[in-house]
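Shown below: start-v4.cif, with mmCIF, C-alpha atoms (C1' of nucleotides).
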```cif
data_run
loop_
_atom_site.label_atom_id
_atom_site.label_comp_id
_atom_site.auth_asym_id
_atom_site.auth_seq_id
_atom_site.Cartn_x
_atom_site.Cartn_y
_atom_site.Cartn_z
CA MET A 417 -17.78 -103.11 -20.46
CA ARG A 418 -14.22 -104.36 -20.52
CA THR A 419 -11.12 -102.65 -19.25
CA THR A 420 -8.64 -102.35 -22.08
CA ARG A 421 -5.23 -100.76 -22.36
CA GLN A 422 -6.63 -98.22 -24.79
CA ARG A 423 -9.51 -97.13 -22.59
CA THR A 424 -7.36 -96.80 -19.53
CA LEU A 425 -4.81 -94.77 -21.41
CA LEU A 426 -7.32 -92.45 -23.07
CA THR A 427 -9.30 -91.92 -19.88
CA GLU A 428 -6.14 -90.95 -18.02
CA LEU A 429 -5.04 -88.57 -20.73
CA VAL A 430 -8.44 -86.91 -20.91
CA SER A 431 -8.50 -86.31 -17.17
CA LYS A 432 -5.22 -84.41 -17.47
CA GLN A 433 -6.40 -82.03 -20.20
CA GLN A 434 -6.42 -78.42 -19.09
CA HIS A 435 -7.53 -77.03 -22.43
CA ALA A 436 -10.09 -77.82 -25.05
CA PHE A 437 -8.69 -80.48 -27.37
CA THR A 438 -9.52 -82.22 -30.61
CA ALA A 439 -9.87 -85.95 -31.15
CA GLU A 440 -6.74 -85.91 -33.25
CA GLU A 441 -4.69 -84.17 -30.57
CA LEU A 442 -5.77 -86.80 -28.07
CA TRP A 443 -4.88 -89.49 -30.60
CA THR A 444 -1.36 -88.09 -31.01
CA ALA A 445 -0.90 -87.75 -27.25
CA ALA A 446 -2.04 -91.33 -26.75
CA ARG A 447 0.39 -92.75 -29.26
CA GLU A 448 3.25 -90.76 -27.76
CA ALA A 449 2.36 -91.82 -24.24
CA GLY A 450 1.31 -95.41 -24.41
CA GLY A 451 1.62 -97.26 -27.65
CA PRO A 452 -0.63 -97.76 -30.64
CA VAL A 453 -4.26 -96.63 -30.52
CA GLY A 454 -6.64 -96.32 -33.43
CA LEU A 455 -8.41 -93.07 -34.18
CA ALA A 456 -11.75 -94.88 -34.24
CA THR A 457 -11.10 -96.03 -30.69
CA VAL A 458 -10.40 -92.45 -29.67
CA TYR A 459 -13.81 -91.41 -30.97
CA ARG A 460 -15.52 -94.40 -29.39
CA THR A 461 -13.92 -93.71 -26.02
CA LEU A 462 -14.80 -90.03 -26.20
CA ALA A 463 -18.42 -90.99 -26.84
CA LEU A 464 -18.37 -93.23 -23.76
CA LEU A 465 -16.84 -90.53 -21.60
CA GLU A 466 -19.41 -88.06 -22.88
CA THR A 467 -22.30 -90.24 -21.73
CA ASP A 468 -20.56 -90.49 -18.35
CA GLY A 469 -20.36 -86.70 -18.18
CA ARG A 470 -16.58 -86.80 -18.09
CA VAL A 471 -16.27 -85.06 -21.44
CA ARG A 472 -18.30 -82.36 -23.09
CA ARG A 473 -18.40 -81.81 -26.81
CA LEU A 474 -18.10 -78.21 -27.94
CA ASP A 475 -18.65 -77.01 -31.49
CA ARG A 476 -16.02 -77.23 -34.23
CA GLY A 477 -14.80 -80.67 -33.20
CA ARG A 478 -13.40 -79.66 -29.84
CA PHE A 479 -13.81 -81.45 -26.53
CA ILE A 480 -13.23 -80.52 -22.90
CA ALA A 481 -12.66 -82.73 -19.88
CA CYS A 482 -15.13 -82.47 -17.01
CA GLU A 483 -14.92 -83.55 -13.44
CA PRO A 484 -18.07 -85.31 -12.37
CA GLY A 485 -20.39 -83.13 -10.32
CA HIS A 486 -21.82 -79.71 -10.71
CA HIS A 487 -19.50 -77.03 -11.98
CA HIS A 488 -19.04 -74.50 -14.74
CA HIS A 489 -16.24 -73.54 -17.06
CA LEU A 490 -14.03 -70.50 -17.25
CA VAL A 491 -12.90 -70.25 -20.85
CA CYS A 492 -10.01 -67.92 -21.60
CA THR A 493 -10.64 -66.04 -24.83
CA SER A 494 -6.93 -65.32 -25.09
CA CYS A 495 -5.17 -68.68 -24.67
CA GLY A 496 -8.10 -71.12 -24.72
CA ALA A 497 -7.43 -72.54 -21.27
CA VAL A 498 -10.45 -74.02 -19.53
CA GLU A 499 -10.77 -73.98 -15.75
CA GLU A 500 -13.57 -75.33 -13.68
CA THR A 501 -15.34 -73.43 -10.95
CA GLU A 502 -17.95 -74.47 -8.45
CA LEU A 503 -19.31 -70.96 -8.43
CA CYS A 504 -22.73 -71.41 -9.88
CA SER A 505 -24.45 -69.13 -12.32
CA ALA A 506 -28.03 -70.09 -12.81
CA PRO A 507 -31.30 -68.39 -12.08
CA PRO A 508 -33.15 -70.08 -9.19
CA VAL A 509 -35.40 -72.95 -10.28
CA THR A 510 -38.40 -71.46 -8.45
CA GLU A 511 -38.05 -68.13 -10.18
CA VAL A 512 -37.88 -69.74 -13.62
CA ARG A 513 -40.93 -71.85 -12.88
CA LYS A 514 -42.89 -68.85 -11.65
CA ARG A 515 -41.99 -66.70 -14.62
CA HIS A 516 -41.97 -69.25 -17.45
CA GLY A 517 -43.76 -72.34 -16.19
CA PHE A 518 -40.55 -74.17 -16.95
CA VAL A 519 -39.10 -76.78 -14.61
CA VAL A 520 -35.32 -76.68 -14.71
CA GLN A 521 -33.61 -80.05 -14.38
CA HIS A 522 -30.03 -79.10 -15.00
CA HIS A 523 -28.03 -76.37 -16.65
CA GLU A 524 -24.80 -75.59 -18.36
CA ALA A 525 -22.93 -72.34 -18.15
CA ASP A 526 -19.65 -71.08 -19.54
CA LEU A 527 -17.97 -67.89 -18.42
CA TYR A 528 -15.73 -66.25 -20.99
CA GLY A 529 -12.94 -63.86 -20.14
CA VAL A 530 -9.20 -63.59 -19.52
CA CYS A 531 -7.38 -66.03 -17.27
CA GLY A 532 -4.74 -65.15 -14.68
CA LYS A 533 -1.79 -65.97 -16.91
CA CYS A 534 -3.00 -63.84 -19.81
CA ALA A 535 -4.06 -60.84 -17.71
CA MET B 443 -23.57 -55.38 -47.30
CA ARG B 444 -26.43 -55.59 -49.76
CA THR B 445 -30.06 -56.39 -49.10
CA THR B 446 -31.06 -59.42 -51.12
CA ARG B 447 -34.23 -61.44 -51.35
CA GLN B 448 -32.43 -64.42 -49.87
CA ARG B 449 -31.06 -62.58 -46.84
CA THR B 450 -34.37 -60.96 -46.07
CA LEU B 451 -36.17 -64.26 -46.33
CA LEU B 452 -33.70 -66.21 -44.23
CA THR B 453 -33.48 -63.54 -41.56
CA GLU B 454 -37.25 -63.47 -41.23
CA LEU B 455 -37.49 -67.23 -41.01
CA VAL B 456 -34.76 -67.42 -38.40
CA SER B 457 -36.45 -64.86 -36.20
CA LYS B 458 -39.56 -67.02 -36.16
CA GLN B 459 -37.82 -70.20 -35.04
CA GLN B 460 -38.98 -71.40 -31.66
CA HIS B 461 -36.85 -74.53 -31.66
CA ALA B 462 -33.30 -75.43 -32.41
CA PHE B 463 -32.94 -76.06 -36.14
CA THR B 464 -30.43 -77.35 -38.64
CA ALA B 465 -29.17 -75.53 -41.70
CA GLU B 466 -30.98 -78.00 -43.88
CA GLU B 467 -34.30 -77.47 -42.11
CA LEU B 468 -33.95 -73.75 -42.63
CA TRP B 469 -33.08 -74.41 -46.27
CA THR B 470 -36.26 -76.44 -46.77
CA ALA B 471 -38.38 -73.85 -44.99
CA ALA B 472 -36.91 -71.10 -47.14
CA ARG B 473 -37.64 -72.86 -50.40
CA GLU B 474 -41.19 -73.60 -49.30
CA ALA B 475 -41.78 -70.05 -48.17
CA GLY B 476 -40.07 -67.84 -50.65
CA GLY B 477 -38.55 -69.38 -53.72
CA PRO B 478 -35.15 -70.82 -54.55
CA VAL B 479 -32.25 -70.42 -52.15
CA GLY B 480 -28.94 -72.21 -52.26
CA LEU B 481 -27.71 -74.20 -49.29
CA ALA B 482 -24.41 -72.32 -49.42
CA THR B 483 -26.32 -69.08 -48.99
CA VAL B 484 -28.08 -70.52 -45.96
CA TYR B 485 -24.72 -71.24 -44.34
CA ARG B 486 -23.35 -67.85 -45.32
CA THR B 487 -26.37 -66.06 -43.89
CA LEU B 488 -26.24 -68.07 -40.69
CA ALA B 489 -22.61 -67.07 -40.29
CA LEU B 490 -23.57 -63.41 -40.68
CA LEU B 491 -26.38 -63.71 -38.18
CA GLU B 492 -24.04 -65.46 -35.78
CA THR B 493 -21.59 -62.56 -35.79
CA ASP B 494 -24.54 -60.26 -35.16
CA GLY B 495 -25.54 -62.36 -32.16
CA ARG B 496 -28.88 -63.20 -33.74
CA VAL B 497 -28.01 -66.88 -33.99
CA ARG B 498 -26.02 -69.20 -31.79
CA ARG B 499 -24.41 -72.37 -33.01
CA LEU B 500 -24.91 -75.42 -30.81
CA ASP B 501 -23.15 -78.73 -31.24
CA ARG B 502 -24.20 -81.36 -33.80
CA GLY B 503 -24.99 -78.81 -36.48
CA ARG B 504 -27.90 -77.21 -34.70
CA PHE B 505 -28.64 -73.51 -34.44
CA ILE B 506 -30.93 -71.41 -32.29
CA ALA B 507 -32.31 -67.93 -32.90
CA CYS B 508 -31.41 -65.26 -30.37
CA GLU B 509 -32.87 -61.89 -29.63
CA PRO B 510 -30.12 -59.32 -29.23
CA GLY B 511 -29.25 -58.49 -25.65
CA HIS B 512 -28.39 -60.52 -22.63
CA HIS B 513 -30.50 -63.57 -22.01
CA HIS B 514 -30.35 -67.31 -21.48
CA HIS B 515 -32.12 -70.27 -22.98
CA LEU B 516 -34.67 -72.66 -21.57
CA VAL B 517 -34.39 -75.86 -23.57
CA CYS B 518 -37.18 -78.39 -23.17
CA THR B 519 -35.78 -81.91 -23.04
CA SER B 520 -39.19 -83.28 -23.97
CA CYS B 521 -40.26 -81.35 -27.07
CA GLY B 522 -37.10 -79.39 -27.92
CA ALA B 523 -38.71 -75.96 -27.62
CA VAL B 524 -36.34 -73.13 -26.79
CA GLU B 525 -37.52 -70.12 -24.80
CA GLU B 526 -35.50 -67.13 -23.78
CA THR B 527 -35.37 -65.70 -20.30
CA GLU B 528 -33.82 -62.52 -18.96
CA LEU B 529 -33.43 -64.17 -15.59
CA CYS B 530 -29.75 -64.23 -14.83
CA SER B 531 -27.62 -64.85 -11.80
CA ALA B 532 -24.05 -65.18 -12.87
CA PRO B 533 -21.44 -65.34 -10.13
CA PRO B 534 -20.19 -61.82 -9.44
CA VAL B 535 -17.17 -60.92 -11.52
CA THR B 536 -15.30 -59.95 -8.38
CA GLU B 537 -15.89 -63.34 -6.79
CA VAL B 538 -14.57 -65.18 -9.82
CA ARG B 539 -11.54 -62.93 -9.97
CA LYS B 540 -10.82 -63.41 -6.29
CA ARG B 541 -11.20 -67.15 -6.43
CA HIS B 542 -9.66 -67.93 -9.82
CA GLY B 543 -7.79 -64.82 -10.96
CA PHE B 544 -10.09 -64.87 -13.95
CA VAL B 545 -11.75 -61.75 -15.36
CA VAL B 546 -15.18 -62.61 -16.73
CA GLN B 547 -16.22 -60.71 -19.83
CA HIS B 548 -19.45 -62.46 -20.73
CA HIS B 549 -21.19 -65.73 -20.14
CA GLU B 550 -23.61 -68.17 -21.69
CA ALA B 551 -26.04 -70.39 -19.87
CA ASP B 552 -28.58 -72.95 -21.01
CA LEU B 553 -31.17 -74.36 -18.66
CA TYR B 554 -32.56 -77.80 -19.47
CA GLY B 555 -35.86 -79.07 -18.19
CA VAL B 556 -39.54 -79.46 -19.03
CA CYS B 557 -41.57 -76.63 -20.50
CA GLY B 558 -45.09 -75.63 -19.51
CA LYS B 559 -46.77 -77.51 -22.34
CA CYS B 560 -44.99 -80.78 -21.65
CA ALA B 561 -45.38 -80.68 -17.86
"C1'" DA C 1496 -29.26 -46.47 -67.57
"C1'" DT C 1497 -24.64 -48.01 -66.68
"C1'" DG C 1498 -20.83 -49.96 -64.40
"C1'" DA C 1499 -18.50 -51.89 -60.36
"C1'" DT C 1500 -18.74 -55.46 -57.49
"C1'" DA C 1501 -21.20 -57.93 -53.73
"C1'" DA C 1502 -23.97 -61.93 -53.54
"C1'" DT C 1503 -25.70 -66.17 -55.26
"C1'" DG C 1504 -25.99 -71.22 -56.62
"C1'" DA C 1505 -24.40 -75.72 -58.24
"C1'" DG C 1506 -21.23 -78.65 -57.61
"C1'" DA C 1507 -16.59 -79.97 -56.18
"C1'" DC C 1508 -13.97 -80.40 -52.30
"C1'" DG C 1509 -11.98 -81.13 -47.53
"C1'" DC C 1510 -11.98 -83.12 -43.45
"C1'" DG C 1511 -13.90 -84.72 -39.09
"C1'" DT C 1512 -16.56 -88.60 -37.69
"C1'" DT C 1513 -18.84 -93.05 -38.13
"C1'" DT C 1514 -19.22 -97.61 -39.96
"C1'" DT C 1515 -17.58 -102.08 -41.50
"C1'" DC C 1516 -15.50 -106.26 -40.74
"C1'" DA C 1517 -11.90 -109.38 -39.78
"C1'" DG C 1518 -8.60 -110.08 -36.16
"C1'" DT C 1519 -7.49 -109.62 -31.14
"C1'" DA C 1520 -7.84 -109.97 -26.35
"C1'" DA C 1521 -10.62 -109.47 -21.82
"C1'" DG C 1522 -12.45 -112.13 -18.51
"C1'" DC C 1523 -15.77 -115.81 -17.24
"C1'" DT C 1524 -16.11 -120.92 -16.54
"C1'" DC C 1525 -14.33 -125.05 -15.37
"C1'" DG D 820 -4.21 -122.18 -16.37
"C1'" DA D 821 -6.80 -123.64 -20.72
"C1'" DG D 822 -10.72 -122.91 -23.39
"C1'" DC D 823 -14.48 -120.24 -24.92
"C1'" DT D 824 -17.51 -116.37 -25.68
"C1'" DT D 825 -17.88 -112.08 -27.30
"C1'" DA D 826 -16.69 -107.17 -26.48
"C1'" DC D 827 -13.17 -104.39 -28.29
"C1'" DT D 828 -9.87 -102.81 -31.61
"C1'" DG D 829 -7.78 -100.94 -35.94
"C1'" DA D 830 -7.41 -99.95 -40.91
"C1'" DA D 831 -9.79 -98.53 -44.45
"C1'" DA D 832 -13.90 -97.24 -46.65
"C1'" DA D 833 -17.95 -94.64 -46.40
"C1'" DC D 834 -20.41 -90.87 -44.88
"C1'" DG D 835 -21.96 -86.18 -44.25
"C1'" DC D 836 -21.67 -81.52 -42.84
"C1'" DG D 837 -19.87 -77.39 -44.00
"C1'" DT D 838 -16.75 -74.60 -47.00
"C1'" DC D 839 -14.86 -73.14 -51.28
"C1'" DT D 840 -14.75 -72.16 -56.31
"C1'" DC D 841 -16.14 -69.75 -60.03
"C1'" DA D 842 -19.30 -68.41 -63.53
"C1'" DT D 843 -23.59 -65.89 -63.37
"C1'" DT D 844 -26.85 -62.67 -61.37
"C1'" DA D 845 -28.50 -58.72 -59.01
"C1'" DT D 846 -27.80 -54.62 -55.98
"C1'" DC D 847 -26.93 -49.98 -55.64
"C1'" DA D 848 -24.08 -45.75 -56.30
"C1'" DT D 849 -23.31 -42.58 -59.98
#
```

Output the structure of this file as structure tokens.
Amino acid sequence: MRTTRQRTLLTELVSKQQHAFTAEELWTAAREAGGPVGLATVYRTLALLETDGRVRRLDRGRFIACEPGHHHHLVCTSCGAVEETELCSAPPVTEVRKRHGFVVQHHEADLYGVCGKCA
Amino acid sequence: MRTTRQRTLLTELVSKQQHAFTAEELWTAAREAGGPVGLATVYRTLALLETDGRVRRLDRGRFIACEPGHHHHLVCTSCGAVEETELCSAPPVTEVRKRHGFVVQHHEADLYGVCGKCA
DNA sequence: ATGATAATGAGACGCGTTTTCAGTAAGCTC
DNA sequence: GAGCTTACTGAAAACGCGTCTCATTATCAT
């Protein structure tokens, strides 16, 4: 795993994203900010960051940046902004096991609503 | 909104799905079970069911069937089975508003782990 | 039964993503 | 620092999922 100009640049840009973004938007931002980058490299880097848990892939070709560690997302249905919160919203593991015989390993949750700016 | 053979068939098949499925899998199942159906119709019907909340679209072209009403999903990482649970413990709306200035309208949560059969 | 029109199906199309492959550059070794 | 190995990159081609088009079919109100 080598450290390249492109990876450094893309990783930095991703960590600054406050909204969901597309690969092409990241591509444009990268070329404006730090010189030539290929679109294929953008996709390859996003795939790497996804396996690291730094990026999550939503539907319709959109991505969101994630801090490592447990958290959930507050998605504004008005402006599309995505915030993170450590407030956790999952049923207790013991309760799920008792009721369903299912052993929860991890979970994902997204809260949808209206953010402070839009309210 | 007309009742057609295709819609009836696809809606029935979807309601029986216990796992995540792709549009093409549903297409195959439909042709095996009830005569010719076009792939375009499968996509159109899935879109209808999605707006009704009977289907949710995951990433990578996969879909899951949903019962109407509030619930979450238990996704088995071993066999791919999807169960529903009414267990829910979202952070209180007031807490999220206090902490983030964000007004939660609804939320989605998926719990990943190992189901009873696979354990 | 008849007519208006919603729905369908086959294939064309669009576009986001992955793959290919030759050229480039990171970083180890000496 | 020079040389070497090979991971990485970029441009273009290929791919594939999902949507759209449009002629045909079928539903349902009258």

### Task
For chain B, report every residue with an atom at most 12 Å from chain C (counting all atoms listed in the file), formatted as a list of chain:residue names.
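Written out as asked, the residues are B:Met443, B:Arg444, B:Thr445, B:Thr446, B:Arg447, B:Gln448, B:Arg449, B:Pro478, B:Val479, B:Gly480, B:Leu481, B:Ala482, B:Thr483, B:Val484, B:Arg486, B:Thr487, B:Arg502.
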
### Task
Can you give me, as an MDAnalysis selection string, the residues this file yields under the PyMOL selection byres ((chain B and resi 548) around 8)?
(chainID A and resid 527:529) or (chainID B and resid 546:547 549:550)

Please write the residues from the selection above to a file, keeping C-alpha atoms, as a compact mmCIF listing (two decimals), in the frame of the given file.
```txt
# COMPACT_ATOMS: atom_id res chain seq x y z
CA LEU A 527 -17.97 -67.89 -18.42
CA TYR A 528 -15.73 -66.25 -20.99
CA GLY A 529 -12.94 -63.86 -20.14
CA VAL B 546 -15.18 -62.61 -16.73
CA GLN B 547 -16.22 -60.71 -19.83
CA HIS B 549 -21.19 -65.73 -20.14
CA GLU B 550 -23.61 -68.17 -21.69
```

Find the residues of chain A that sit at most 9 Å from chain B; for each, write down the nearest two atoms and how far apart they are in Å, to one decimal. Count only C-alpha atoms. Sort by chain, then by number going up, and give it as JSON lines.
```
{"residue": "A:Arg473", "atom": "CA", "partner": "B:Asp501", "partner_atom": "CA", "distance": 7.2}
{"residue": "A:Leu474", "atom": "CA", "partner": "B:Asp501", "partner_atom": "CA", "distance": 6.1}
{"residue": "A:Asp475", "atom": "CA", "partner": "B:Asp501", "partner_atom": "CA", "distance": 4.8}
{"residue": "A:Arg476", "atom": "CA", "partner": "B:Asp501", "partner_atom": "CA", "distance": 7.9}
{"residue": "A:Gly477", "atom": "CA", "partner": "B:Asp501", "partner_atom": "CA", "distance": 8.8}
{"residue": "A:Leu490", "atom": "CA", "partner": "B:Phe544", "partner_atom": "CA", "distance": 7.6}
{"residue": "A:Val491", "atom": "CA", "partner": "B:Val546", "partner_atom": "CA", "distance": 9.0}
{"residue": "A:Cys492", "atom": "CA", "partner": "B:Phe544", "partner_atom": "CA", "distance": 8.2}
{"residue": "A:Glu499", "atom": "CA", "partner": "B:His542", "partner_atom": "CA", "distance": 8.5}
{"residue": "A:Thr501", "atom": "CA", "partner": "B:His542", "partner_atom": "CA", "distance": 8.0}
{"residue": "A:Leu503", "atom": "CA", "partner": "B:Pro533", "partner_atom": "CA", "distance": 6.2}
{"residue": "A:Cys504", "atom": "CA", "partner": "B:Pro533", "partner_atom": "CA", "distance": 6.2}
{"residue": "A:Ser505", "atom": "CA", "partner": "B:Ala532", "partner_atom": "CA", "distance": 4.0}
{"residue": "A:Ala506", "atom": "CA", "partner": "B:Ser531", "partner_atom": "CA", "distance": 5.4}
{"residue": "A:Pro507", "atom": "CA", "partner": "B:Ser531", "partner_atom": "CA", "distance": 5.1}
{"residue": "A:Pro508", "atom": "CA", "partner": "B:Ser531", "partner_atom": "CA", "distance": 8.0}
{"residue": "A:Glu511", "atom": "CA", "partner": "B:Leu529", "partner_atom": "CA", "distance": 8.1}
{"residue": "A:Val512", "atom": "CA", "partner": "B:Leu529", "partner_atom": "CA", "distance": 7.4}
{"residue": "A:Arg513", "atom": "CA", "partner": "B:Gly558", "partner_atom": "CA", "distance": 8.7}
{"residue": "A:Arg515", "atom": "CA", "partner": "B:Thr527", "partner_atom": "CA", "distance": 8.8}
{"residue": "A:His516", "atom": "CA", "partner": "B:Gly558", "partner_atom": "CA", "distance": 7.4}
{"residue": "A:Gly517", "atom": "CA", "partner": "B:Gly558", "partner_atom": "CA", "distance": 4.9}
{"residue": "A:Phe518", "atom": "CA", "partner": "B:Cys557", "partner_atom": "CA", "distance": 4.4}
{"residue": "A:Val519", "atom": "CA", "partner": "B:Val556", "partner_atom": "CA", "distance": 5.2}
{"residue": "A:Val520", "atom": "CA", "partner": "B:Gly555", "partner_atom": "CA", "distance": 4.3}
{"residue": "A:Gln521", "atom": "CA", "partner": "B:Gly555", "partner_atom": "CA", "distance": 4.5}
{"residue": "A:His522", "atom": "CA", "partner": "B:Tyr554", "partner_atom": "CA", "distance": 5.3}
{"residue": "A:His523", "atom": "CA", "partner": "B:Leu553", "partner_atom": "CA", "distance": 4.2}
{"residue": "A:Glu524", "atom": "CA", "partner": "B:Asp552", "partner_atom": "CA", "distance": 5.3}
{"residue": "A:Ala525", "atom": "CA", "partner": "B:Ala551", "partner_atom": "CA", "distance": 4.1}
{"residue": "A:Asp526", "atom": "CA", "partner": "B:Glu550", "partner_atom": "CA", "distance": 5.4}
{"residue": "A:Leu527", "atom": "CA", "partner": "B:His549", "partner_atom": "CA", "distance": 4.2}
{"residue": "A:Tyr528", "atom": "CA", "partner": "B:His548", "partner_atom": "CA", "distance": 5.3}
{"residue": "A:Gly529", "atom": "CA", "partner": "B:Val546", "partner_atom": "CA", "distance": 4.3}
{"residue": "A:Val530", "atom": "CA", "partner": "B:Val545", "partner_atom": "CA", "distance": 5.2}
{"residue": "A:Cys531", "atom": "CA", "partner": "B:Phe544", "partner_atom": "CA", "distance": 4.4}
{"residue": "A:Gly532", "atom": "CA", "partner": "B:Gly543", "partner_atom": "CA", "distance": 4.8}
{"residue": "A:Lys533", "atom": "CA", "partner": "B:Gly543", "partner_atom": "CA", "distance": 8.5}
{"residue": "A:Ala535", "atom": "CA", "partner": "B:Val545", "partner_atom": "CA", "distance": 8.1}
```

### Summary
One decimal place gives the CA of Ser494 (chain A)-CA of Ile480 (chain A) separation as 16.6 Å

List every residue of chain D that has an atom at most 9 Å from any atom of chain B, giving for each one its closest atom pair and the distance in Å to one decimal, counting only C-alpha atoms (C1' of nucleotides), sorted by chain and then by ascending residue number, as a tab-separated table.
```
residue	atom	partner	partner_atom	distance
D:DC836	C1'	B:Gly503	CA	7.7
D:DG837	C1'	B:Tyr485	CA	7.8
D:DT838	C1'	B:Ala482	CA	8.4
D:DA845	C1'	B:Thr446	CA	8.3
D:DT846	C1'	B:Arg444	CA	6.4
D:DC847	C1'	B:Arg444	CA	8.1
```

Keeping only C-alpha atoms (C1' of nucleotides), write those residues as a compact mmCIF listing (two decimals), in the frame of the given file.
```txt
# COMPACT_ATOMS: atom_id res chain seq x y z
C1' DC D 836 -21.67 -81.52 -42.84
C1' DG D 837 -19.87 -77.39 -44.00
C1' DT D 838 -16.75 -74.60 -47.00
C1' DA D 845 -28.50 -58.72 -59.01
C1' DT D 846 -27.80 -54.62 -55.98
C1' DC D 847 -26.93 -49.98 -55.64
```

### CA of Ala481 (chain A) to CA of Lys432 (chain A), straight-line distance in Å
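Between CA of Lys432 (chain A) and CA of Ala481 (chain A) the gap works out to 8.0 Å.
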
### Summary
From CA of His487 (chain A) to CA of Glu441 (chain A) the spacing works out at 24.8 Å

### Message
With only C-alpha atoms (C1' of nucleotides) as the counted atoms, please give the residues lying no more than 9 Å from Glu483 (chain A), apart from itself and same-chain residues fewer than 5 positions off, as a PyMOL selection string.
### Response
chain A and resi 431+469-471+500

Find the smallest box with edges along x, y and z containing every listed atom of region 428-432 of chain A, then add 3 Å on each side and report centre and edge lengths in Å to one decimal, as JSON.
```
{"center_x": -6.8, "center_y": -87.7, "center_z": -19.0, "size_x": 9.5, "size_y": 12.5, "size_z": 9.7}
```

Quick one: region 529-546 of chain B with N, CA and C atoms, as a CSV table (one decimal), in the frame of the given file?
```csv
chain,number,residue,atom,x,y,z
B,529,LEU,N,-33.9,-63.8,-16.9
B,529,LEU,CA,-33.4,-64.2,-15.6
B,529,LEU,C,-32.0,-64.5,-15.7
B,530,CYS,N,-31.2,-64.0,-14.8
B,530,CYS,CA,-29.8,-64.2,-14.8
B,530,CYS,C,-29.2,-64.1,-13.4
B,531,SER,N,-28.3,-65.0,-13.1
B,531,SER,CA,-27.6,-64.8,-11.8
B,531,SER,C,-26.2,-65.4,-11.9
B,532,ALA,N,-25.4,-64.8,-12.7
B,532,ALA,CA,-24.0,-65.2,-12.9
B,532,ALA,C,-23.3,-64.9,-11.6
B,533,PRO,N,-22.3,-65.7,-11.3
B,533,PRO,CA,-21.4,-65.3,-10.1
B,533,PRO,C,-20.8,-64.0,-10.3
B,534,PRO,N,-20.7,-63.2,-9.3
B,534,PRO,CA,-20.2,-61.8,-9.4
B,534,PRO,C,-18.8,-61.9,-10.0
B,535,VAL,N,-18.5,-61.0,-10.9
B,535,VAL,CA,-17.2,-60.9,-11.5
B,535,VAL,C,-16.1,-60.9,-10.5
B,536,THR,N,-16.3,-60.1,-9.4
B,536,THR,CA,-15.3,-60.0,-8.4
B,536,THR,C,-15.0,-61.3,-7.7
B,537,GLU,N,-16.1,-62.1,-7.5
B,537,GLU,CA,-15.9,-63.3,-6.8
B,537,GLU,C,-15.0,-64.3,-7.6
B,538,VAL,N,-15.3,-64.3,-8.9
B,538,VAL,CA,-14.6,-65.2,-9.8
B,538,VAL,C,-13.1,-64.7,-9.9
B,539,ARG,N,-12.9,-63.4,-9.9
B,539,ARG,CA,-11.5,-62.9,-10.0
B,539,ARG,C,-10.8,-63.3,-8.7
B,540,LYS,N,-11.5,-63.1,-7.6
B,540,LYS,CA,-10.8,-63.4,-6.3
B,540,LYS,C,-10.4,-64.9,-6.2
B,541,ARG,N,-11.4,-65.7,-6.6
B,541,ARG,CA,-11.2,-67.2,-6.4
B,541,ARG,C,-10.3,-67.8,-7.5
B,542,HIS,N,-10.4,-67.3,-8.7
B,542,HIS,CA,-9.7,-67.9,-9.8
B,542,HIS,C,-8.7,-67.0,-10.6
B,543,GLY,N,-8.6,-65.7,-10.2
B,543,GLY,CA,-7.8,-64.8,-11.0
B,543,GLY,C,-8.3,-64.7,-12.4
B,544,PHE,N,-9.5,-64.8,-12.6
B,544,PHE,CA,-10.1,-64.9,-14.0
B,544,PHE,C,-11.1,-63.7,-14.1
B,545,VAL,N,-10.9,-62.9,-15.2
B,545,VAL,CA,-11.8,-61.8,-15.4
B,545,VAL,C,-12.9,-62.1,-16.4
B,546,VAL,N,-14.1,-62.2,-15.9
B,546,VAL,CA,-15.2,-62.6,-16.7
B,546,VAL,C,-15.6,-61.4,-17.6
```
